[in-house]
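Asker: Pasting my_file_27.cif below, which is mmCIF, C-alpha atoms.
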data_start
loop_
_atom_site.label_atom_id
_atom_site.label_comp_id
_atom_site.auth_asym_id
_atom_site.auth_seq_id
_atom_site.Cartn_x
_atom_site.Cartn_y
_atom_site.Cartn_z
CA MET A 567 100.82 77.32 -22.72
CA THR A 568 99.70 74.01 -24.24
CA LYS A 569 99.90 70.78 -22.31
CA ASN A 570 103.42 69.25 -22.28
CA ALA A 571 104.80 72.20 -24.31
CA PRO A 572 108.11 73.60 -23.09
CA VAL A 573 107.85 76.85 -21.10
CA THR A 574 109.19 79.82 -23.08
CA ILE A 575 110.37 83.33 -22.26
CA LYS A 576 107.14 84.62 -23.78
CA ASP A 577 105.10 82.51 -21.32
CA ILE A 578 106.94 84.04 -18.37
CA ALA A 579 106.60 87.54 -19.81
CA GLN A 580 102.86 87.11 -20.33
CA ALA A 581 102.35 85.77 -16.81
CA LEU A 582 104.21 88.74 -15.26
CA ASN A 583 102.85 91.33 -17.73
CA ILE A 584 106.31 92.44 -18.80
CA SER A 585 108.18 92.26 -22.09
CA ALA A 586 110.00 89.16 -23.31
CA SER A 587 113.20 91.19 -23.62
CA THR A 588 112.94 92.14 -19.93
CA VAL A 589 112.56 88.45 -19.00
CA SER A 590 115.54 87.56 -21.17
CA ARG A 591 117.74 90.21 -19.57
CA ALA A 592 116.59 89.19 -16.08
CA LEU A 593 117.46 85.55 -16.73
CA ARG A 594 120.90 86.60 -17.95
CA GLY A 595 121.45 88.72 -14.83
CA MET A 596 121.75 92.02 -16.67
CA PRO A 597 122.35 94.91 -14.20
CA GLU A 598 119.73 97.27 -15.67
CA ILE A 599 116.86 95.03 -14.46
CA HIS A 600 115.33 96.02 -11.12
CA PRO A 601 116.16 93.42 -8.41
CA GLU A 602 112.47 92.82 -7.60
CA THR A 603 111.72 92.18 -11.27
CA ARG A 604 114.68 89.83 -11.57
CA GLN A 605 113.57 87.94 -8.45
CA ALA A 606 110.00 87.60 -9.78
CA VAL A 607 111.28 86.30 -13.11
CA LEU A 608 113.65 83.76 -11.54
CA GLN A 609 111.01 82.55 -9.10
CA LEU A 610 108.40 81.99 -11.82
CA ALA A 611 110.98 80.38 -14.13
CA GLN A 612 111.79 77.87 -11.42
CA GLN A 613 108.12 77.29 -10.65
CA LEU A 614 107.31 76.62 -14.33
CA ASP A 615 110.42 74.44 -14.82
CA TYR A 616 111.84 76.79 -17.43
CA GLN A 617 115.26 76.06 -18.93
CA PRO A 618 117.02 77.76 -21.81
CA ASN A 619 116.54 75.50 -24.82
CA GLN A 620 120.21 74.95 -25.53
CA LEU A 621 119.34 72.12 -27.90
CA ALA A 622 117.16 74.38 -30.02
CA LYS A 623 119.85 77.06 -30.08
CA SER A 624 122.37 74.52 -31.23
CA LEU A 625 120.10 73.15 -33.93
CA VAL A 626 119.56 76.65 -35.32
CA LYS A 627 123.30 77.01 -35.79
CA SER A 628 124.28 73.42 -36.60
CA ARG A 629 123.24 69.91 -35.64
CA THR A 630 125.33 68.32 -32.92
CA LYS A 631 124.66 64.88 -34.43
CA THR A 632 125.20 63.38 -30.97
CA ILE A 633 123.07 60.88 -29.04
CA GLY A 634 123.23 60.45 -25.27
CA VAL A 635 123.09 56.85 -23.99
CA ILE A 636 122.49 56.15 -20.29
CA LEU A 637 123.01 52.58 -19.05
CA PRO A 638 122.87 50.94 -15.61
CA THR A 639 126.39 49.55 -16.07
CA LEU A 640 128.79 48.47 -18.79
CA SER A 641 130.05 45.57 -16.69
CA TYR A 642 127.05 43.46 -17.77
CA TYR A 643 127.41 41.65 -21.08
CA PHE A 644 123.86 42.53 -22.08
CA PHE A 645 124.29 46.31 -21.80
CA SER A 646 127.77 46.42 -23.31
CA SER A 647 126.56 44.33 -26.26
CA VAL A 648 123.48 46.48 -26.84
CA LEU A 649 125.74 49.52 -26.73
CA ASN A 650 127.90 48.04 -29.50
CA SER A 651 124.80 47.67 -31.65
CA ILE A 652 123.62 51.21 -30.80
CA GLU A 653 126.99 52.71 -31.71
CA GLU A 654 127.10 50.84 -35.01
CA ALA A 655 123.58 51.90 -36.01
CA ALA A 656 124.23 55.49 -34.93
CA MET A 657 127.51 55.68 -36.82
CA GLN A 658 125.86 54.45 -40.01
CA ALA A 659 123.32 57.28 -39.63
CA GLY A 660 126.07 59.86 -39.14
CA TYR A 661 125.68 60.25 -35.36
CA SER A 662 128.17 59.88 -32.55
CA VAL A 663 127.31 58.50 -29.09
CA VAL A 664 128.11 59.79 -25.62
CA VAL A 665 127.75 57.06 -22.98
CA CYS A 666 127.09 57.45 -19.24
CA GLN A 667 126.71 54.80 -16.54
CA THR A 668 124.41 55.16 -13.57
CA ASN A 669 125.88 52.28 -11.56
CA GLU A 670 122.25 51.42 -10.73
CA SER A 671 121.78 54.78 -8.94
CA TYR A 672 118.68 56.96 -9.43
CA LEU A 673 120.50 60.12 -8.32
CA ARG A 674 123.33 59.43 -10.72
CA GLU A 675 120.79 58.85 -13.50
CA VAL A 676 119.28 62.29 -12.86
CA ALA A 677 122.73 63.89 -12.86
CA GLN A 678 123.85 62.15 -16.04
CA ILE A 679 120.78 63.33 -17.92
CA GLN A 680 121.58 66.92 -16.93
CA ASN A 681 125.22 66.46 -17.93
CA LEU A 682 124.19 65.22 -21.36
CA LEU A 683 121.73 68.10 -21.74
CA ASN A 684 124.56 70.48 -21.03
CA SER A 685 126.55 68.71 -23.75
CA GLN A 686 123.67 69.42 -26.16
CA VAL A 687 122.92 65.87 -27.24
CA GLU A 688 120.01 65.70 -29.68
CA GLY A 689 118.23 62.78 -28.03
CA PHE A 690 118.44 60.12 -25.32
CA ILE A 691 118.56 56.33 -25.23
CA ILE A 692 118.00 55.11 -21.66
CA SER A 693 117.78 51.88 -19.71
CA LEU A 694 116.60 52.62 -16.18
CA ALA A 695 118.75 52.12 -13.10
CA ARG A 696 117.79 49.52 -10.53
CA ASP A 697 117.01 52.22 -7.95
CA THR A 698 114.88 54.42 -10.24
CA GLN A 699 111.29 54.58 -9.02
CA HIS A 700 110.49 58.23 -9.82
CA PHE A 701 110.47 59.54 -13.36
CA ASP A 702 110.24 63.33 -13.16
CA HIS A 703 113.67 63.66 -14.77
CA ILE A 704 112.54 61.72 -17.84
CA ASN A 705 109.11 63.34 -18.03
CA ARG A 706 110.92 66.65 -17.96
CA LEU A 707 112.71 65.68 -21.20
CA LEU A 708 109.39 64.70 -22.75
CA ARG A 709 107.80 68.01 -21.76
CA LYS A 710 110.64 69.79 -23.52
CA GLN A 711 110.01 67.60 -26.59
CA ILE A 712 113.49 66.12 -26.46
CA PRO A 713 113.49 62.69 -28.16
CA VAL A 714 113.76 59.76 -25.76
CA VAL A 715 113.74 55.99 -26.38
CA ILE A 716 113.90 53.51 -23.50
CA PHE A 717 114.98 49.88 -23.82
CA ASP A 718 114.97 46.75 -21.66
CA ARG A 719 114.33 48.34 -18.26
CA TYR A 720 111.37 50.69 -18.47
CA ASP A 721 108.24 51.82 -16.67
CA GLU A 722 104.75 51.56 -18.11
CA SER A 723 103.85 55.09 -17.01
CA LEU A 724 106.42 56.68 -19.31
CA GLU A 725 104.83 57.91 -22.52
CA THR A 726 107.84 57.39 -24.75
CA SER A 727 109.00 54.90 -27.35
CA LYS A 728 110.33 51.61 -26.00
CA VAL A 729 112.17 48.53 -27.26
CA ILE A 730 111.57 45.55 -25.00
CA VAL A 731 111.06 41.80 -24.94
CA ASP A 732 108.04 39.87 -23.67
CA ASN A 733 109.55 39.07 -20.28
CA LYS A 734 106.42 37.37 -19.01
CA LEU A 735 106.19 34.96 -21.95
CA ALA A 736 109.93 34.23 -21.89
CA ALA A 737 109.81 33.38 -18.17
CA PHE A 738 106.69 31.27 -18.71
CA LYS A 739 108.47 29.17 -21.37
CA ALA A 740 111.63 28.86 -19.27
CA THR A 741 109.62 27.68 -16.25
CA GLU A 742 107.56 25.35 -18.43
CA HIS A 743 110.81 23.82 -19.66
CA LEU A 744 111.81 23.04 -16.07
CA ILE A 745 108.42 21.49 -15.35
CA GLU A 746 108.42 19.38 -18.53
CA ASN A 747 111.84 18.09 -17.53
CA GLY A 748 110.53 16.80 -14.22
CA CYS A 749 110.84 19.63 -11.69
CA GLN A 750 108.03 19.72 -9.13
CA ARG A 751 109.19 22.30 -6.57
CA LEU A 752 110.05 25.49 -8.42
CA GLY A 753 111.90 28.44 -6.92
CA CYS A 754 112.68 31.86 -8.35
CA LEU A 755 115.69 34.10 -7.74
CA ALA A 756 114.19 37.42 -8.78
CA GLY A 757 115.68 40.88 -8.99
CA PRO A 758 114.76 43.82 -6.74
CA PRO A 759 110.99 44.01 -6.02
CA SER A 760 110.86 47.50 -7.56
CA LEU A 761 112.22 46.37 -10.95
CA LEU A 762 109.42 45.98 -13.51
CA ILE A 763 111.09 43.44 -15.77
CA SER A 764 111.84 41.22 -12.77
CA ASN A 765 108.20 41.34 -11.70
CA GLN A 766 107.10 40.53 -15.26
CA ARG A 767 109.33 37.47 -15.26
CA LEU A 768 107.97 36.52 -11.86
CA ASP A 769 104.44 36.75 -13.33
CA GLY A 770 105.44 34.37 -16.12
CA PHE A 771 106.94 31.98 -13.56
CA ARG A 772 103.70 32.06 -11.58
CA GLU A 773 101.51 31.44 -14.63
CA ALA A 774 103.52 28.39 -15.63
CA LEU A 775 103.03 26.87 -12.18
CA GLN A 776 99.30 27.56 -12.40
CA LYS A 777 99.04 25.93 -15.83
CA TYR A 778 100.59 22.71 -14.49
CA ASN A 779 98.73 22.81 -11.14
CA LEU A 780 101.92 23.23 -9.13
CA PRO A 781 101.91 25.27 -5.91
CA TYR A 782 103.16 28.85 -5.90
CA THR A 783 104.32 30.02 -2.48
CA ASP A 784 106.26 33.12 -1.43
CA ARG A 785 108.76 31.06 0.53
CA TYR A 786 110.23 29.89 -2.79
CA ILE A 787 110.69 33.46 -4.06
CA PHE A 788 113.92 35.26 -3.18
CA HIS A 789 115.04 38.70 -4.36
CA SER A 790 118.62 39.60 -5.26
CA ASP A 791 120.10 43.09 -5.64
CA PHE A 792 122.36 41.69 -8.43
CA THR A 793 125.54 41.77 -6.32
CA PRO A 794 127.37 38.40 -6.05
CA GLU A 795 127.41 38.54 -2.24
CA ASN A 796 123.67 39.08 -1.91
CA THR A 797 122.88 36.53 -4.61
CA ILE A 798 124.97 33.83 -2.94
CA MET A 799 123.23 34.48 0.37
CA GLN A 800 119.77 34.33 -1.20
CA ALA A 801 120.56 31.17 -3.20
CA LEU A 802 121.86 29.32 -0.14
CA ASN A 803 118.86 30.49 1.92
CA MET A 804 116.61 29.02 -0.73
CA MET A 805 118.40 25.67 -0.67
CA SER A 806 118.27 25.65 3.15
CA LEU A 807 114.47 25.33 3.12
CA PRO A 808 113.04 22.11 4.63
CA GLN A 809 112.04 21.08 1.10
CA PRO A 810 114.38 22.98 -1.21
CA PRO A 811 113.39 23.50 -4.84
CA ASP A 812 114.47 21.06 -7.52
CA GLY A 813 114.29 23.74 -10.22
CA ILE A 814 115.19 27.46 -10.13
CA LEU A 815 114.49 30.30 -12.52
CA THR A 816 117.02 33.12 -12.10
CA MET A 817 116.47 36.66 -13.39
CA SER A 818 119.83 37.00 -15.15
CA ASP A 819 122.98 35.08 -15.99
CA ARG A 820 124.90 37.17 -13.47
CA ILE A 821 122.58 35.90 -10.76
CA ALA A 822 122.87 32.38 -12.15
CA PHE A 823 126.70 32.49 -12.18
CA SER A 824 126.84 33.42 -8.50
CA THR A 825 124.17 30.83 -7.70
CA MET A 826 126.05 28.04 -9.48
CA TYR A 827 129.28 29.03 -7.72
CA ALA A 828 127.55 28.91 -4.32
CA PHE A 829 126.00 25.52 -5.04
CA LYS A 830 129.35 24.08 -6.15
CA GLN A 831 130.97 25.24 -2.89
CA LYS A 832 128.22 23.50 -0.90
CA GLY A 833 128.25 20.29 -2.94
CA ILE A 834 124.81 20.90 -4.46
CA LYS A 835 124.82 19.28 -7.89
CA ILE A 836 123.29 20.84 -11.02
CA PRO A 837 121.03 19.52 -12.49
CA GLU A 838 120.87 16.36 -10.33
CA ASP A 839 119.87 18.19 -7.13
CA VAL A 840 118.45 21.33 -8.69
CA ALA A 841 118.02 22.47 -12.30
CA VAL A 842 118.80 26.09 -13.24
CA VAL A 843 117.47 28.29 -16.04
CA SER A 844 118.46 31.93 -16.59
CA PHE A 845 118.16 35.05 -18.79
CA ASN A 846 120.51 36.87 -21.22
CA ASN A 847 122.50 33.98 -22.75
CA GLU A 848 125.94 35.43 -22.15
CA PRO A 849 128.76 33.72 -24.11
CA THR A 850 130.13 32.33 -20.82
CA CYS A 851 127.03 30.13 -20.48
CA ILE A 852 128.37 27.49 -22.88
CA TYR A 853 131.74 27.26 -21.09
CA LEU A 854 130.37 26.58 -17.62
CA SER A 855 130.22 23.09 -16.21
CA PRO A 856 127.40 22.29 -16.50
CA SER A 857 126.59 24.66 -19.36
CA LEU A 858 123.78 27.07 -18.50
CA THR A 859 120.30 27.07 -20.05
CA SER A 860 119.41 30.69 -20.72
CA VAL A 861 116.90 32.90 -22.54
CA ASN A 862 118.50 34.58 -25.55
CA GLN A 863 117.44 38.15 -26.29
CA PRO A 864 117.99 39.66 -29.79
CA ILE A 865 120.65 42.13 -28.69
CA GLN A 866 121.74 43.32 -32.13
CA GLU A 867 118.17 43.92 -33.23
CA MET A 868 117.36 45.70 -29.98
CA GLY A 869 120.17 48.20 -30.47
CA ALA A 870 119.26 48.80 -34.11
CA GLN A 871 115.57 49.34 -33.31
CA VAL A 872 116.36 51.74 -30.49
CA VAL A 873 118.39 53.94 -32.82
CA ARG A 874 115.77 53.69 -35.57
CA LEU A 875 113.03 54.94 -33.23
CA LEU A 876 115.20 57.78 -31.97
CA LEU A 877 116.15 58.91 -35.48
CA LYS A 878 112.48 58.82 -36.44
CA GLN A 879 111.76 61.29 -33.64
CA LEU A 880 114.71 63.49 -34.57
CA GLU A 881 113.58 63.71 -38.18
CA SER A 882 109.93 64.51 -37.51
CA GLU A 883 108.17 67.14 -35.42
CA HIS A 884 105.18 64.92 -34.64
CA ASN A 885 105.69 61.43 -33.27
CA THR A 886 103.44 58.98 -31.48
CA PRO A 887 105.30 56.78 -28.95
CA GLU A 888 105.89 53.26 -30.27
CA THR A 889 106.59 50.05 -28.38
CA ILE A 890 108.53 47.31 -30.17
CA THR A 891 108.40 43.91 -28.47
CA LEU A 892 111.08 41.50 -29.66
CA SER A 893 110.99 37.70 -29.50
CA THR A 894 113.26 35.57 -27.32
CA GLN A 895 114.58 32.01 -27.58
CA LEU A 896 115.36 29.53 -24.81
CA MET A 897 118.82 28.03 -25.35
CA VAL A 898 118.63 24.64 -23.65
CA ARG A 899 121.85 23.28 -22.14
CA GLU A 900 123.03 20.90 -19.43
CA SER A 901 121.94 22.87 -16.34
CA SER A 902 118.26 22.04 -16.91
CA MET A 903 118.39 18.65 -18.63
CA LEU A 904 117.48 16.20 -15.87
CA SER A 905 114.83 14.15 -17.73
CA SER A 906 116.96 11.04 -17.91
CA LYS A 907 117.36 11.02 -14.12
CA LYS A 908 113.73 11.87 -13.28
CA PHE A 909 112.14 9.32 -15.56
CA ALA A 910 114.73 6.55 -15.74
#
In structure tokens, write the structure found in this file.
Answerer:
Amino acid sequence: MTKNAPVTIKDIAQALNISASTVSRALRGMPEIHPETRQAVLQLAQQLDYQPNQLAKSLVKSRTKTIGVILPTLSYYFFSSVLNSIEEAAMQAGYSVVVCQTNESYLREVAQIQNLLNSQVEGFIISLARDTQHFDHINRLLRKQIPVVIFDRYDESLETSKVIVDNKLAAFKATEHLIENGCQRLGCLAGPPSLLISNQRLDGFREALQKYNLPYTDRYIFHSDFTPENTIMQALNMMSLPQPPDGILTMSDRIAFSTMYAFKQKGIKIPEDVAVVSFNNEPTCIYLSPSLTSVNQPIQEMGAQVVRLLLKQLESEHNTPETITLSTQLMVRESSMLSSKKFA
């Protein structure tokens, strides 16, 4: 067996010094196979992570022309919009899309991958769940040479193609905008500590403070699990500090929406008391009062590039993982424009 190559019936047969046909019949539970032989075959198959290559069998007969897409949730504008772009690009290439949600659950992510394998999809497009910290289920796909492309939420250890943005640079520019508009005490409402893109944005936040010789302290960093209830609690805890921040970077518009709601209920004015900058640039941002400054990500391009990379893998036997890093743009609106007050 070569490194990362899928385990075959021949590999099991060679290891047990029996014929491939005997292994095949044992795996299918044929009655003519001696029970001890069947047990040895099943035990080694499990040990070597063998699975019948249903995808290969399907491709021999006919292409399924189906892509599996696994998303944390469709309730977020970002993911539903990327999905629209993925479906459009896939349809133009003659593929259909099967979509599964993980609801931010690692266990559900593992189960959905298996469900899609059973449905014989030809490849996977994945954005990791909030709770995913182990990647055996994805590495298993890679070992079986099943095409995988990951976007937005990823892990650096995964040797697969990715479509991402420069989260660190985007957060740096967003924080710099707050500083240049007069903020001196900067806080950050981050995502879960285990989420890579949140930590990258936190790194950009920290670097901006360092550039302008402003203090970075952990007491101004709060982590949200993305739920409105938790976000509201964390935002109000931040503003209850003896010297609350006068500028906040939030990890997503969903976090920002809950934060702005909480501040309004408590009479905390934006941007007069505290300026707010966010990520994702959902359409709702322009309709809020005040309108929300947010980092725009190239959603349509992200979806198109994800499909392009996956099709490239499907059409070639030999592929080197690629990482495409897309540019972002800070859309400045009322929630962060306090210059006139600070310097009047």
Asker: Between A:Ile787, A:Leu744, A:Met805, A:Leu877, single out the one closest to Met903 (chain A), counting only C-alpha atoms.
Answerer: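 Ranked by minimum distance to Met903 (chain A), first place goes to A:Leu744.
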Asker: Pick out the residues sitting within 12 Å of Pro810 (chain A), and hand them over as number ranges by chain; count only C-alpha atoms, and ignore anything fewer than 4 positions along from it in its own chain.
Answerer: A: 749-754, 785-787, 801-806, 814, 834, 839-841
Asker: Rounded to one decimal, what separation in Å do you get between CA of Ile712 (chain A) and CA of Gly689 (chain A)?
Answerer: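 Atom-to-atom, CA of Ile712 (chain A) to CA of Gly689 (chain A), that is 6.0 Å.
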Asker: When you look at Ser857 (chain A) with a cut-off of 9 Å (counting only C-alpha atoms), what residues show up, excluding the ones that are within fewer than 4 positions of it in the same chain? I need them as a list in words.
Answerer: Thr850, Cys851, Ile852, Tyr853, Arg899, Glu900 and Ser901 of chain A
Asker: Please, could you write that set of residues out with C-alpha atoms as a PDB file, in the coordinates of the input?
Answerer:
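What follows is the written file selection-v7.pdb:
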ATOM      1  CA  THR A 850     130.130  32.330 -20.820  1.00  0.00           C
ATOM      2  CA  CYS A 851     127.030  30.130 -20.480  1.00  0.00           C
ATOM      3  CA  ILE A 852     128.370  27.490 -22.880  1.00  0.00           C
ATOM      4  CA  TYR A 853     131.740  27.260 -21.090  1.00  0.00           C
ATOM      5  CA  ARG A 899     121.850  23.280 -22.140  1.00  0.00           C
ATOM      6  CA  GLU A 900     123.030  20.900 -19.430  1.00  0.00           C
ATOM      7  CA  SER A 901     121.940  22.870 -16.340  1.00  0.00           C
TER       8      SER A 901
END
Asker: Residues picked by the PyMOL selection byres ((chain A and resi 639-654) around 9) here, as an MDAnalysis selection string?
Answerer: chainID A and resid 635:638 655:659 661:663 665:670 693 695 820 846:849 863 865:873
Asker: Considering all atoms listed in the file, return as a list in words whatever protein or nucleic-acid residues lie within 6 Å of His789 (chain A), sequence-local ones (same chain, fewer than 2 positions apart) excluded.
Answerer: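 Answer for this query is Leu755, Ala756, Gly757 and Pro758 of chain A.
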Asker: Apply the PyMOL selection byres ((chain A and resi 592) around 10) to the file shown and report the selected residues as a PyMOL selection string.
Answerer: chain A and resi 586-591+593-601+603-608
Asker: Mind writing the picked residues with C-alpha atoms as a CSV table (one decimal), keeping the file's coordinate frame?
Answerer:
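Listed below is the output, selection-v8.csv:
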chain,number,residue,atom,x,y,z
A,586,ALA,CA,110.0,89.2,-23.3
A,587,SER,CA,113.2,91.2,-23.6
A,588,THR,CA,112.9,92.1,-19.9
A,589,VAL,CA,112.6,88.4,-19.0
A,590,SER,CA,115.5,87.6,-21.2
A,591,ARG,CA,117.7,90.2,-19.6
A,593,LEU,CA,117.5,85.6,-16.7
A,594,ARG,CA,120.9,86.6,-18.0
A,595,GLY,CA,121.4,88.7,-14.8
A,596,MET,CA,121.8,92.0,-16.7
A,597,PRO,CA,122.4,94.9,-14.2
A,598,GLU,CA,119.7,97.3,-15.7
A,599,ILE,CA,116.9,95.0,-14.5
A,600,HIS,CA,115.3,96.0,-11.1
A,601,PRO,CA,116.2,93.4,-8.4
A,603,THR,CA,111.7,92.2,-11.3
A,604,ARG,CA,114.7,89.8,-11.6
A,605,GLN,CA,113.6,87.9,-8.4
A,606,ALA,CA,110.0,87.6,-9.8
A,607,VAL,CA,111.3,86.3,-13.1
A,608,LEU,CA,113.6,83.8,-11.5
Asker: Just checking: using all atoms listed in the file, which residue out of A:Gln776, A:Ser855, A:Gln678, A:Ser860 ends up closest to Thr894 (chain A)?
Answerer: A:Ser860
Asker: Skipping near chain neighbours, those fewer than 2 positions away, what residues fall within 7 Å of Ile890 (chain A) using all atoms listed in the file, listed as a PyMOL selection string?
Answerer: chain A and resi 728-730+888+892
Asker: With distances taken over only C-alpha atoms, which residue among A:Thr698, A:Phe788, A:Thr741, A:Pro794 lies nearest Ser844 (chain A)?
Answerer: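 Smallest distance to Ser844 (chain A) is found for A:Thr741.
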Asker: I'd like the box whose edges run along x, y and z of the file and which contains every listed atom of region 581-592 of chain A, padded by 6 Å per side; could you state its centre and edge lengths in Å, one decimal, as JSON?
Answerer:
{"center_x": 110.0, "center_y": 89.1, "center_z": -19.4, "size_x": 27.4, "size_y": 18.7, "size_z": 20.4}
Asker: How many Å separate CA of Thr825 (chain A) from CA of Ile798 (chain A)?
Answerer: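 Result for CA of Thr825 (chain A) versus CA of Ile798 (chain A): 5.7 Å, one decimal.
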Asker: Could you check which residues have any atom within 6 Å of (113.4, 28.4, -23.0), counting only C-alpha atoms with coordinates taken straight from the file, and then list them as a PyMOL selection string?
Answerer: chain A and resi 739-740+861+895-897
Asker: From (109.5, 80.0, -15.0), in the file's coordinates, out to 12 Å: which residues are reached, counting all atoms listed in the file? Answer as a PDB file with C-alpha atoms, keeping the file's coordinate frame.
Answerer:
ATOM      1  CA  MET A 567     100.820  77.320 -22.720  1.00  0.00           C
ATOM      2  CA  PRO A 572     108.110  73.600 -23.090  1.00  0.00           C
ATOM      3  CA  VAL A 573     107.850  76.850 -21.100  1.00  0.00           C
ATOM      4  CA  THR A 574     109.190  79.820 -23.080  1.00  0.00           C
ATOM      5  CA  ILE A 575     110.370  83.330 -22.260  1.00  0.00           C
ATOM      6  CA  LYS A 576     107.140  84.620 -23.780  1.00  0.00           C
ATOM      7  CA  ASP A 577     105.100  82.510 -21.320  1.00  0.00           C
ATOM      8  CA  ILE A 578     106.940  84.040 -18.370  1.00  0.00           C
ATOM      9  CA  ALA A 579     106.600  87.540 -19.810  1.00  0.00           C
ATOM     10  CA  GLN A 580     102.860  87.110 -20.330  1.00  0.00           C
ATOM     11  CA  ALA A 581     102.350  85.770 -16.810  1.00  0.00           C
ATOM     12  CA  LEU A 582     104.210  88.740 -15.260  1.00  0.00           C
ATOM     13  CA  VAL A 589     112.560  88.450 -19.000  1.00  0.00           C
ATOM     14  CA  SER A 590     115.540  87.560 -21.170  1.00  0.00           C
ATOM     15  CA  ALA A 592     116.590  89.190 -16.080  1.00  0.00           C
ATOM     16  CA  LEU A 593     117.460  85.550 -16.730  1.00  0.00           C
ATOM     17  CA  ARG A 604     114.680  89.830 -11.570  1.00  0.00           C
ATOM     18  CA  GLN A 605     113.570  87.940  -8.450  1.00  0.00           C
ATOM     19  CA  ALA A 606     110.000  87.600  -9.780  1.00  0.00           C
ATOM     20  CA  VAL A 607     111.280  86.300 -13.110  1.00  0.00           C
ATOM     21  CA  LEU A 608     113.650  83.760 -11.540  1.00  0.00           C
ATOM     22  CA  GLN A 609     111.010  82.550  -9.100  1.00  0.00           C
ATOM     23  CA  LEU A 610     108.400  81.990 -11.820  1.00  0.00           C
ATOM     24  CA  ALA A 611     110.980  80.380 -14.130  1.00  0.00           C
ATOM     25  CA  GLN A 612     111.790  77.870 -11.420  1.00  0.00           C
ATOM     26  CA  GLN A 613     108.120  77.290 -10.650  1.00  0.00           C
ATOM     27  CA  LEU A 614     107.310  76.620 -14.330  1.00  0.00           C
ATOM     28  CA  ASP A 615     110.420  74.440 -14.820  1.00  0.00           C
ATOM     29  CA  TYR A 616     111.840  76.790 -17.430  1.00  0.00           C
ATOM     30  CA  GLN A 617     115.260  76.060 -18.930  1.00  0.00           C
ATOM     31  CA  PRO A 618     117.020  77.760 -21.810  1.00  0.00           C
TER      32      PRO A 618
END
Asker: Work out how far apart CA of Glu725 (chain A) and CA of Pro887 (chain A) are and give it in Å to one decimal.
Answerer: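 Those two atoms sit 6.5 Å apart.
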Asker: Between A:Tyr778, A:Phe738, A:Tyr827, A:Phe701, which is the closest to Tyr672 (chain A) once you count only C-alpha atoms?
Answerer: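 When distances to Tyr672 (chain A) are compared using only C-alpha atoms, the smallest one comes from A:Phe701.
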